[in-house]
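Content type PDB, C-alpha atoms and all ligand atoms, from the file input-v6.pdb:
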ATOM      1  CA  MET A 212     106.671 145.757 120.728
ATOM      2  CA  LYS A 213     104.705 144.811 123.797
ATOM      3  CA  ARG A 214     104.813 141.166 124.777
ATOM      4  CA  ARG A 215     101.030 140.982 124.540
ATOM      5  CA  GLU A 216     101.121 141.958 120.888
ATOM      6  CA  PHE A 217     103.948 139.578 120.270
ATOM      7  CA  ILE A 218     102.108 136.616 121.685
ATOM      8  CA  ALA A 219      99.119 137.391 119.495
ATOM      9  CA  LEU A 220     101.164 136.751 116.384
ATOM     10  CA  SER A 221     100.607 133.531 114.509
ATOM     11  CA  ALA A 222     103.118 130.715 114.681
ATOM     12  CA  ALA A 223     104.147 131.442 111.107
ATOM     13  CA  ALA A 224     105.106 135.000 111.953
ATOM     14  CA  ALA A 225     106.756 134.058 115.212
ATOM     15  CA  ALA A 226     110.212 133.315 113.866
ATOM     16  CA  ALA A 227     110.585 136.845 112.549
ATOM     17  CA  SER A 228     109.690 138.186 115.955
ATOM     18  CA  ALA A 229     112.202 136.151 117.924
ATOM     19  CA  GLN A 230     114.231 139.223 118.688
ATOM     20  CA  ALA A 231     111.214 141.030 120.097
ATOM     21  CA  TRP A 232     110.492 138.126 122.406
ATOM     22  CA  ARG A 233     114.076 138.055 123.626
ATOM     23  CA  THR A 234     113.961 141.759 124.381
ATOM     24  CA  ALA A 235     110.654 141.327 126.182
ATOM     25  CA  SER A 236     111.974 138.450 128.248
ATOM     26  CA  ALA A 237     115.060 140.369 129.275
ATOM     27  CA  GLU A 238     112.696 143.055 130.553
ATOM     28  CA  ALA A 239     110.641 140.363 132.261
ATOM     29  CA  ASP A 240     113.733 139.086 134.061
ATOM     30  CA  ALA A 241     114.358 142.530 135.474
ATOM     31  CA  ALA A 242     110.680 142.959 136.346
ATOM     32  CA  SER A 243     110.285 139.609 138.074
ATOM     33  CA  SER A 244     113.343 140.011 140.228
ATOM     34  CA  ALA A 245     112.223 143.521 141.168
ATOM     35  CA  GLN A 246     108.620 142.710 141.990
ATOM     36  CA  GLU A 247     107.230 139.785 143.867
ATOM     37  CA  ILE A 248     105.067 137.434 141.835
ATOM     38  CA  ARG A 249     101.533 137.625 143.113
ATOM     39  CA  PRO A 250      99.829 134.389 144.160
ATOM     40  CA  MET A 251      97.437 132.856 141.654
ATOM     41  CA  ASP A 252      93.795 133.549 142.408
ATOM     42  CA  TYR A 253      92.532 130.424 140.628
ATOM     43  CA  PRO A 254      93.525 126.756 140.738
ATOM     44  CA  ILE A 255      95.620 125.447 137.843
ATOM     45  CA  ILE A 256      95.409 122.315 135.722
ATOM     46  CA  ASP A 257      98.316 119.883 135.685
ATOM     47  CA  THR A 258      98.257 118.151 132.293
ATOM     48  CA  HIS A 259     100.889 115.535 133.041
ATOM     49  CA  VAL A 260     100.610 113.408 136.177
ATOM     50  CA  HIS A 261     101.322 109.709 136.677
ATOM     51  CA  PHE A 262     100.004 107.487 139.424
ATOM     52  CA  TRP A 263     101.113 103.909 139.884
ATOM     53  CA  ASP A 264     101.065 101.059 142.336
ATOM     54  CA  PRO A 265     103.704  98.426 141.545
ATOM     55  CA  ASP A 266     101.783  95.941 143.695
ATOM     56  CA  HIS A 267      98.760  96.260 141.420
ATOM     57  CA  LEU A 268     100.228  96.416 137.884
ATOM     58  CA  ARG A 269     103.651  95.588 136.450
ATOM     59  CA  TYR A 270     105.997  98.484 135.601
ATOM     60  CA  ALA A 271     109.310  96.932 134.494
ATOM     61  CA  TRP A 272     110.959 100.324 133.978
ATOM     62  CA  LEU A 273     110.666 101.128 137.693
ATOM     63  CA  ASP A 274     112.858  98.178 138.689
ATOM     64  CA  GLY A 275     116.112 100.117 138.737
ATOM     65  CA  SER A 276     114.888 103.260 140.511
ATOM     66  CA  GLU A 277     115.073 103.563 144.256
ATOM     67  CA  LEU A 278     113.231 106.902 144.131
ATOM     68  CA  LEU A 279     110.372 105.869 141.853
ATOM     69  CA  ASN A 280     109.817 102.186 142.596
ATOM     70  CA  ARG A 281     107.025 102.595 145.155
ATOM     71  CA  PRO A 282     103.349 103.539 144.935
ATOM     72  CA  TYR A 283     102.624 107.131 143.881
ATOM     73  CA  LEU A 284      98.982 107.931 144.542
ATOM     74  CA  PRO A 285      96.698 110.991 144.652
ATOM     75  CA  GLU A 286      97.354 111.545 148.351
ATOM     76  CA  ASP A 287     101.105 111.678 147.645
ATOM     77  CA  TYR A 288     100.405 114.245 144.925
ATOM     78  CA  THR A 289      98.418 116.368 147.374
ATOM     79  CA  GLU A 290     101.438 116.408 149.658
ATOM     80  CA  ALA A 291     103.792 117.093 146.743
ATOM     81  CA  ILE A 292     102.021 120.230 145.493
ATOM     82  CA  GLY A 293     102.472 122.085 148.791
ATOM     83  CA  GLU A 294     100.947 125.551 148.431
ATOM     84  CA  VAL A 295     100.235 125.191 144.710
ATOM     85  CA  GLN A 296      96.491 125.075 144.046
ATOM     86  CA  VAL A 297      95.615 122.360 141.525
ATOM     87  CA  GLY A 298      91.998 122.125 140.370
ATOM     88  CA  GLY A 299      92.395 119.512 137.644
ATOM     89  CA  ILE A 300      94.718 116.639 136.793
ATOM     90  CA  VAL A 301      95.265 114.793 133.517
ATOM     91  CA  PHE A 302      96.549 111.287 134.224
ATOM     92  CA  VAL A 303      99.047 110.028 131.633
ATOM     93  CA  GLN A 304      99.702 106.301 131.155
ATOM     94  CA  ALA A 305     102.776 105.060 132.984
ATOM     95  CA  GLU A 306     104.114 102.218 130.827
ATOM     96  CA  CYS A 307     102.744  99.258 132.695
ATOM     97  CA  ARG A 308     102.844  95.900 130.896
ATOM     98  CA  ARG A 309     101.117  96.401 127.563
ATOM     99  CA  ASP A 310      98.434  93.766 128.129
ATOM    100  CA  GLN A 311      97.468  95.725 131.283
ATOM    101  CA  ALA A 312      96.787  99.022 129.494
ATOM    102  CA  VAL A 313      92.990  98.784 129.801
ATOM    103  CA  ASP A 314      93.330  97.655 133.434
ATOM    104  CA  GLU A 315      95.440 100.733 134.110
ATOM    105  CA  ALA A 316      92.698 103.012 132.740
ATOM    106  CA  LYS A 317      90.086 101.168 134.841
ATOM    107  CA  TRP A 318      92.259 101.577 137.939
ATOM    108  CA  VAL A 319      92.520 105.323 137.271
ATOM    109  CA  ALA A 320      88.738 105.498 136.858
ATOM    110  CA  GLU A 321      88.531 104.092 140.414
ATOM    111  CA  LEU A 322      90.962 106.748 141.618
ATOM    112  CA  CYS A 323      88.702 109.393 140.019
ATOM    113  CA  GLN A 324      85.841 108.218 142.205
ATOM    114  CA  ARG A 325      87.693 109.338 145.309
ATOM    115  CA  ASP A 326      89.614 112.241 143.763
ATOM    116  CA  PRO A 327      87.542 114.389 141.393
ATOM    117  CA  ARG A 328      90.621 116.433 140.503
ATOM    118  CA  ILE A 329      91.464 113.650 138.016
ATOM    119  CA  GLN A 330      89.493 114.903 135.016
ATOM    120  CA  ALA A 331      90.912 112.856 132.149
ATOM    121  CA  THR A 332      93.045 109.818 131.363
ATOM    122  CA  VAL A 333      95.562 109.533 128.557
ATOM    123  CA  ALA A 334      95.869 105.787 128.017
ATOM    124  CA  TRP A 335      98.009 103.374 125.974
ATOM    125  CA  ALA A 336      96.686 101.690 122.826
ATOM    126  CA  PRO A 337      98.344  99.656 120.028
ATOM    127  CA  LEU A 338      97.829 102.141 117.199
ATOM    128  CA  GLU A 339     100.345 100.194 115.095
ATOM    129  CA  LEU A 340      97.582  97.627 114.539
ATOM    130  CA  GLY A 341      95.685 100.061 112.302
ATOM    131  CA  GLU A 342      91.999  99.080 112.296
ATOM    132  CA  GLY A 343      93.033  96.332 114.717
ATOM    133  CA  VAL A 344      93.304  98.926 117.506
ATOM    134  CA  ARG A 345      89.512  99.314 117.590
ATOM    135  CA  PRO A 346      88.822  96.680 120.291
ATOM    136  CA  THR A 347      91.240  98.482 122.631
ATOM    137  CA  LEU A 348      89.815 101.924 121.793
ATOM    138  CA  ASP A 349      86.288 100.552 122.308
ATOM    139  CA  ALA A 350      87.279  99.142 125.711
ATOM    140  CA  LEU A 351      88.956 102.409 126.731
ATOM    141  CA  ALA A 352      86.012 104.503 125.523
ATOM    142  CA  ALA A 353      83.655 102.338 127.590
ATOM    143  CA  ILE A 354      85.544 103.311 130.759
ATOM    144  CA  GLY A 355      84.379 106.869 130.196
ATOM    145  CA  ASN A 356      87.306 108.964 131.356
ATOM    146  CA  VAL A 357      89.793 108.329 128.526
ATOM    147  CA  HIS A 358      90.345 111.499 126.499
ATOM    148  CA  GLY A 359      93.582 110.612 124.734
ATOM    149  CA  ILE A 360      96.277 108.092 123.867
ATOM    150  CA  ARG A 361      99.994 108.448 124.520
ATOM    151  CA  ARG A 362     102.795 106.447 123.037
ATOM    152  CA  LEU A 363     106.347 106.640 124.323
ATOM    153  CA  LEU A 364     107.788 106.465 120.835
ATOM    154  CA  GLN A 365     111.313 107.120 122.056
ATOM    155  CA  ALA A 366     111.283 103.555 123.359
ATOM    156  CA  GLU A 367     110.608 102.054 119.917
ATOM    157  CA  PRO A 368     113.676 100.543 118.217
ATOM    158  CA  GLU A 369     112.667 101.946 114.799
ATOM    159  CA  PRO A 370     112.774 105.771 114.649
ATOM    160  CA  GLU A 371     110.186 105.784 111.839
ATOM    161  CA  PHE A 372     107.830 103.489 113.757
ATOM    162  CA  MET A 373     105.158 106.198 113.955
ATOM    163  CA  LEU A 374     105.159 106.692 110.172
ATOM    164  CA  THR A 375     104.235 103.150 109.175
ATOM    165  CA  ASP A 376     100.948 102.915 107.263
ATOM    166  CA  ALA A 377      99.290 100.937 110.045
ATOM    167  CA  PHE A 378     100.299 103.400 112.785
ATOM    168  CA  VAL A 379      98.978 106.314 110.717
ATOM    169  CA  GLU A 380      95.751 104.392 110.103
ATOM    170  CA  GLY A 381      95.323 103.700 113.826
ATOM    171  CA  THR A 382      96.056 107.307 114.757
ATOM    172  CA  ARG A 383      93.482 108.597 112.267
ATOM    173  CA  LEU A 384      90.781 106.718 114.197
ATOM    174  CA  LEU A 385      91.243 108.837 117.330
ATOM    175  CA  PRO A 386      88.872 111.740 116.499
ATOM    176  CA  GLU A 387      86.078 109.216 116.026
ATOM    177  CA  TYR A 388      86.564 108.320 119.712
ATOM    178  CA  GLY A 389      86.983 111.933 120.805
ATOM    179  CA  MET A 390      90.613 111.200 121.662
ATOM    180  CA  THR A 391      93.844 113.164 121.249
ATOM    181  CA  PHE A 392      97.429 111.939 120.892
ATOM    182  CA  ASP A 393     100.362 112.669 123.229
ATOM    183  CA  PHE A 394     103.817 112.484 121.646
ATOM    184  CA  GLY A 395     106.196 110.870 124.120
ATOM    185  CA  VAL A 396     109.320 111.458 122.073
ATOM    186  CA  ASN A 397     112.800 112.902 122.311
ATOM    187  CA  ARG A 398     114.420 115.626 120.229
ATOM    188  CA  PHE A 399     115.580 113.166 117.552
ATOM    189  CA  GLN A 400     112.007 112.340 116.585
ATOM    190  CA  LEU A 401     110.495 115.804 116.088
ATOM    191  CA  GLU A 402     110.708 115.598 112.298
ATOM    192  CA  ALA A 403     108.829 112.302 112.327
ATOM    193  CA  CYS A 404     106.222 113.881 114.658
ATOM    194  CA  ALA A 405     105.654 116.657 112.127
ATOM    195  CA  GLN A 406     105.245 114.109 109.335
ATOM    196  CA  LEU A 407     102.699 112.111 111.358
ATOM    197  CA  ALA A 408     100.773 115.257 112.353
ATOM    198  CA  ALA A 409     100.691 116.368 108.695
ATOM    199  CA  LYS A 410      99.319 112.961 107.657
ATOM    200  CA  CYS A 411      96.572 113.218 110.324
ATOM    201  CA  PRO A 412      95.187 116.779 110.076
ATOM    202  CA  GLU A 413      91.968 115.812 111.912
ATOM    203  CA  VAL A 414      93.879 114.555 114.953
ATOM    204  CA  ARG A 415      94.951 116.893 117.752
ATOM    205  CA  PHE A 416      98.479 116.154 118.988
ATOM    206  CA  ILE A 417     100.375 117.443 122.006
ATOM    207  CA  LEU A 418     104.141 117.293 122.420
ATOM    208  CA  ASP A 419     105.111 116.146 125.920
ATOM    209  CA  HIS A 420     108.046 117.725 127.744
ATOM    210  CA  ILE A 421     108.764 120.229 124.937
ATOM    211  CA  GLY A 422     110.388 117.412 122.953
ATOM    212  CA  VAL A 423     113.236 116.903 125.472
ATOM    213  CA  PRO A 424     115.928 119.309 124.228
ATOM    214  CA  ASP A 425     119.524 118.710 125.344
ATOM    215  CA  ILE A 426     119.451 121.369 128.062
ATOM    216  CA  ALA A 427     122.115 119.595 130.115
ATOM    217  CA  GLY A 428     124.448 119.749 127.081
ATOM    218  CA  LYS A 429     123.424 123.380 126.386
ATOM    219  CA  GLN A 430     122.422 122.503 122.804
ATOM    220  CA  MET A 431     119.644 124.552 121.167
ATOM    221  CA  GLU A 432     119.936 123.131 117.648
ATOM    222  CA  PRO A 433     118.647 121.176 115.859
ATOM    223  CA  TRP A 434     115.857 120.945 118.467
ATOM    224  CA  ARG A 435     114.749 124.563 117.911
ATOM    225  CA  THR A 436     114.491 124.252 114.128
ATOM    226  CA  HIS A 437     112.521 121.008 114.338
ATOM    227  CA  LEU A 438     110.284 122.322 117.129
ATOM    228  CA  ARG A 439     109.364 125.374 115.058
ATOM    229  CA  ALA A 440     108.531 123.195 112.062
ATOM    230  CA  LEU A 441     106.299 121.041 114.268
ATOM    231  CA  ALA A 442     104.611 124.114 115.775
ATOM    232  CA  ALA A 443     103.815 125.392 112.273
ATOM    233  CA  LEU A 444     101.169 122.657 112.096
ATOM    234  CA  PRO A 445      97.954 124.030 113.639
ATOM    235  CA  ASN A 446      96.872 120.636 115.039
ATOM    236  CA  VAL A 447      99.944 120.314 117.300
ATOM    237  CA  TYR A 448     100.017 121.617 120.890
ATOM    238  CA  CYS A 449     102.799 121.491 123.478
ATOM    239  CA  LYS A 450     103.171 120.802 127.205
ATOM    240  CA  MET A 451     105.397 122.963 129.368
ATOM    241  CA  SER A 452     106.441 119.942 131.406
ATOM    242  CA  GLY A 453     109.427 117.713 132.121
ATOM    243  CA  VAL A 454     111.876 120.527 131.371
ATOM    244  CA  ALA A 455     114.043 120.274 134.489
ATOM    245  CA  THR A 456     114.528 116.560 133.849
ATOM    246  CA  ALA A 457     116.242 117.455 130.541
ATOM    247  CA  ALA A 458     118.605 119.892 132.302
ATOM    248  CA  ASP A 459     121.459 119.078 134.663
ATOM    249  CA  ARG A 460     119.241 117.440 137.260
ATOM    250  CA  ALA A 461     121.407 118.221 140.247
ATOM    251  CA  SER A 462     122.310 121.836 139.543
ATOM    252  CA  TRP A 463     119.831 123.375 137.063
ATOM    253  CA  THR A 464     118.737 126.994 137.430
ATOM    254  CA  ARG A 465     116.068 129.122 135.782
ATOM    255  CA  ALA A 466     118.747 130.622 133.525
ATOM    256  CA  ASP A 467     119.455 127.140 132.129
ATOM    257  CA  VAL A 468     115.862 126.356 131.197
ATOM    258  CA  GLN A 469     114.418 129.766 130.329
ATOM    259  CA  PRO A 470     115.774 130.030 126.741
ATOM    260  CA  TYR A 471     114.150 126.688 125.881
ATOM    261  CA  MET A 472     110.874 127.712 127.496
ATOM    262  CA  GLU A 473     110.878 131.006 125.584
ATOM    263  CA  THR A 474     111.518 129.158 122.331
ATOM    264  CA  VAL A 475     108.444 127.044 123.015
ATOM    265  CA  ILE A 476     106.268 130.061 123.881
ATOM    266  CA  GLU A 477     107.431 131.818 120.743
ATOM    267  CA  ALA A 478     106.718 128.765 118.562
ATOM    268  CA  PHE A 479     103.341 127.661 119.921
ATOM    269  CA  GLY A 480     101.896 130.747 121.603
ATOM    270  CA  PHE A 481      99.681 130.418 124.668
ATOM    271  CA  ASP A 482      96.681 129.119 122.707
ATOM    272  CA  ARG A 483      98.574 125.857 122.156
ATOM    273  CA  LEU A 484     100.698 125.586 125.290
ATOM    274  CA  ALA A 485      99.658 123.943 128.576
ATOM    275  CA  PHE A 486     101.368 123.630 131.939
ATOM    276  CA  GLY A 487     102.307 120.197 133.269
ATOM    277  CA  SER A 488     104.507 118.733 135.977
ATOM    278  CA  ASP A 489     105.398 115.140 135.001
ATOM    279  CA  TRP A 490     105.147 114.202 138.676
ATOM    280  CA  PRO A 491     106.495 111.897 140.030
ATOM    281  CA  VAL A 492     109.149 111.375 137.302
ATOM    282  CA  MET A 493     110.077 115.059 137.733
ATOM    283  CA  LEU A 494     111.300 114.231 141.237
ATOM    284  CA  LEU A 495     114.535 113.080 139.583
ATOM    285  CA  ALA A 496     115.246 116.793 139.030
ATOM    286  CA  THR A 497     112.838 119.017 140.954
ATOM    287  CA  LYS A 498     109.607 119.370 142.907
ATOM    288  CA  ILE A 499     106.241 120.780 141.868
ATOM    289  CA  PRO A 500     106.403 124.090 143.825
ATOM    290  CA  ARG A 501     109.808 124.928 142.365
ATOM    291  CA  TRP A 502     108.849 124.053 138.795
ATOM    292  CA  PHE A 503     105.587 125.992 139.074
ATOM    293  CA  GLY A 504     107.521 128.977 140.470
ATOM    294  CA  VAL A 505     109.988 128.922 137.569
ATOM    295  CA  VAL A 506     107.185 128.858 135.002
ATOM    296  CA  ARG A 507     105.454 131.743 136.784
ATOM    297  CA  GLU A 508     108.672 133.745 136.680
ATOM    298  CA  VAL A 509     109.219 133.083 132.978
ATOM    299  CA  VAL A 510     105.716 134.378 132.141
ATOM    300  CA  ALA A 511     105.735 137.151 134.755
ATOM    301  CA  SER A 512     105.362 139.980 132.258
ATOM    302  CA  CYS A 513     102.693 138.311 130.125
ATOM    303  CA  SER A 514      99.070 139.340 130.403
ATOM    304  CA  GLU A 515      96.757 137.662 132.898
ATOM    305  CA  ALA A 516      94.800 136.171 129.964
ATOM    306  CA  GLU A 517      97.975 134.591 128.572
ATOM    307  CA  ARG A 518      98.890 133.112 131.927
ATOM    308  CA  ARG A 519      95.396 131.730 132.314
ATOM    309  CA  LYS A 520      95.690 130.004 128.942
ATOM    310  CA  LEU A 521      98.957 128.383 129.983
ATOM    311  CA  PHE A 522      97.741 127.248 133.399
ATOM    312  CA  VAL A 523      94.076 126.446 132.634
ATOM    313  CA  ASP A 524      92.398 127.250 129.328
ATOM    314  CA  THR A 525      94.588 125.388 126.828
ATOM    315  CA  ALA A 526      94.331 122.216 128.925
ATOM    316  CA  VAL A 527      90.523 122.526 129.060
ATOM    317  CA  ASP A 528      90.378 123.082 125.308
ATOM    318  CA  PHE A 529      92.808 120.347 124.277
ATOM    319  CA  TYR A 530      91.639 117.559 126.612
ATOM    320  CA  ARG A 531      87.954 118.589 126.632
ATOM    321  CA  LEU A 532      87.916 119.016 130.414
ATOM    322  CA  PRO A 533      84.945 120.444 132.322
ATOM    323  CA  PRO A 534      84.960 124.264 132.138
ATOM    324  CA  ALA A 535      87.167 125.641 134.910
TER     325      ALA A 535
HETATM  326 ZN    ZN B   1     105.883 111.416 132.370
END
Could you spell out this file's structure in structure tokens?
Ligand SMILES: [Zn+2]
Amino acid sequence: MKRREFIALSAAAAAASAQAWRTASAEADAASSAQEIRPMDYPIIDTHVHFWDPDHLRYAWLDGSELLNRPYLPEDYTEAIGEVQVGGIVFVQAECRRDQAVDEAKWVAELCQRDPRIQATVAWAPLELGEGVRPTLDALAAIGNVHGIRRLLQAEPEPEFMLTDAFVEGTRLLPEYGMTFDFGVNRFQLEACAQLAAKCPEVRFILDHIGVPDIAGKQMEPWRTHLRALAALPNVYCKMSGVATAADRASWTRADVQPYMETVIEAFGFDRLAFGSDWPVMLLATKIPRWFGVVREVVASCSEAERRKLFVDTAVDFYRLPPA
């Protein structure tokens, strides 16, 4: 079976075709080492970028990090991408103090004025308030650039936090505001993600960082089983981002991360998979040019249309960005 045909299969049929994908990727390995990967002839979209200025807003989680506890701004990103051409950026909220969430989105709107690459903001909102989240969603919608909400649910003390009636009620309001939902979760929460997504069929969800599998510990299960169950829901998308951070940060290689990336491609297909960097958090493990190069290598034998979905089209579709 050709990889192109394989990718065209639905998520439901994908599990049965796992062997075909593995065969195809073994061929791709041989192909990509034998032939140089051609440069991209269009700019890509990075669906997961953070900017922050600790002098402007309060980010308690940065306190312990020598690497990250400084301003990271669009000009730093420009330097960080090197030769990689980026045409669009999705800003994702960076866990400032919760009462500053609307201020954060306003600050990013100011950044957009001087850097039109920033095409959408994914902000923070207290969805656990149910209908009570409306004032925040109204304030965010008024800013004009907010296309989604993210919650870092891995930080919540209760694993079932996202399944409370009020959280479900708040999440169900998002389509009314034209907003999506980013799952900031770890591998232990994928079953809860699937339950929330099933309760909210009108909401479009995207899984950040492929659900953070234990790549460093070389564990595939139960992450793979739960990821496939999540991908079986048609309203759930996935970001090919943050992967190196889940591997051995000092010594990871493409061979370490590729099986996890292939599992994600197989489960979601390119219609529901979008490239992202997670800069600057990714700097704990890698840099943008290297991560971009690894993704390019993993999809080297896919069709040009498939690659374009991964690097551009799925992001435009999911976050309602201007046509690329
Ligand atoms: Zn991040």
Chain and number of each residue from the PyMOL selection byres (((not hetatm)) within 9 of (chain B and resi 1)), as a short mmCIF file (atom, residue, chain, number, x, y, z; two decimals) with C-alpha atoms, in the frame of the given file:
data_model
loop_
_atom_site.label_atom_id
_atom_site.label_comp_id
_atom_site.auth_asym_id
_atom_site.auth_seq_id
_atom_site.Cartn_x
_atom_site.Cartn_y
_atom_site.Cartn_z
CA HIS A 259 100.89 115.54 133.04
CA VAL A 260 100.61 113.41 136.18
CA HIS A 261 101.32 109.71 136.68
CA VAL A 303 99.05 110.03 131.63
CA GLN A 304 99.70 106.30 131.16
CA ALA A 305 102.78 105.06 132.98
CA GLY A 395 106.20 110.87 124.12
CA ASP A 419 105.11 116.15 125.92
CA HIS A 420 108.05 117.72 127.74
CA SER A 452 106.44 119.94 131.41
CA GLY A 453 109.43 117.71 132.12
CA SER A 488 104.51 118.73 135.98
CA ASP A 489 105.40 115.14 135.00
CA TRP A 490 105.15 114.20 138.68
CA PRO A 491 106.50 111.90 140.03
CA VAL A 492 109.15 111.38 137.30
CA MET A 493 110.08 115.06 137.73
#
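Across the model, the gap from atom CA of A:Glu477 to atom CA of A:Glu371 is 27.7 Å.
Atom pair atom CA of A:Thr382 / atom CA of A:Ala526: separated by 20.6 Å.
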Quiz item: What is the distance between atom CA of A:Asp264 and atom CA of A:Tyr283, in Å to one decimal?
Solution: 6.5 Å
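For the choices A:Cys404, A:Asn397, A:Leu495, A:Glu339, the atom-to-atom distance to A:Glu380 is smallest for A:Glu339 when using only C-alpha atoms.
For A:Ala271, the set of protein, DNA and RNA residues having any atom at most 9 Å away, when counting only C-alpha atoms and skipping those fewer than 5 positions along the same chain, is Glu306, Cys307 and Arg308 of chain A.
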Practice problem: Determine the residue set returned by the PyMOL selection byres (((chain A and resi 345) around 12) and not hetatm) for the present structure, and present it as a list in words. | Solution: Ala336, Pro337, Leu338, Glu339, Leu340, Gly341, Glu342, Gly343, Val344, Pro346, Thr347, Leu348, Asp349, Ala350, Leu351, Ala352, Ala353, Glu380, Gly381, Thr382, Arg383, Leu384, Leu385, Glu387 and Tyr388 of chain A
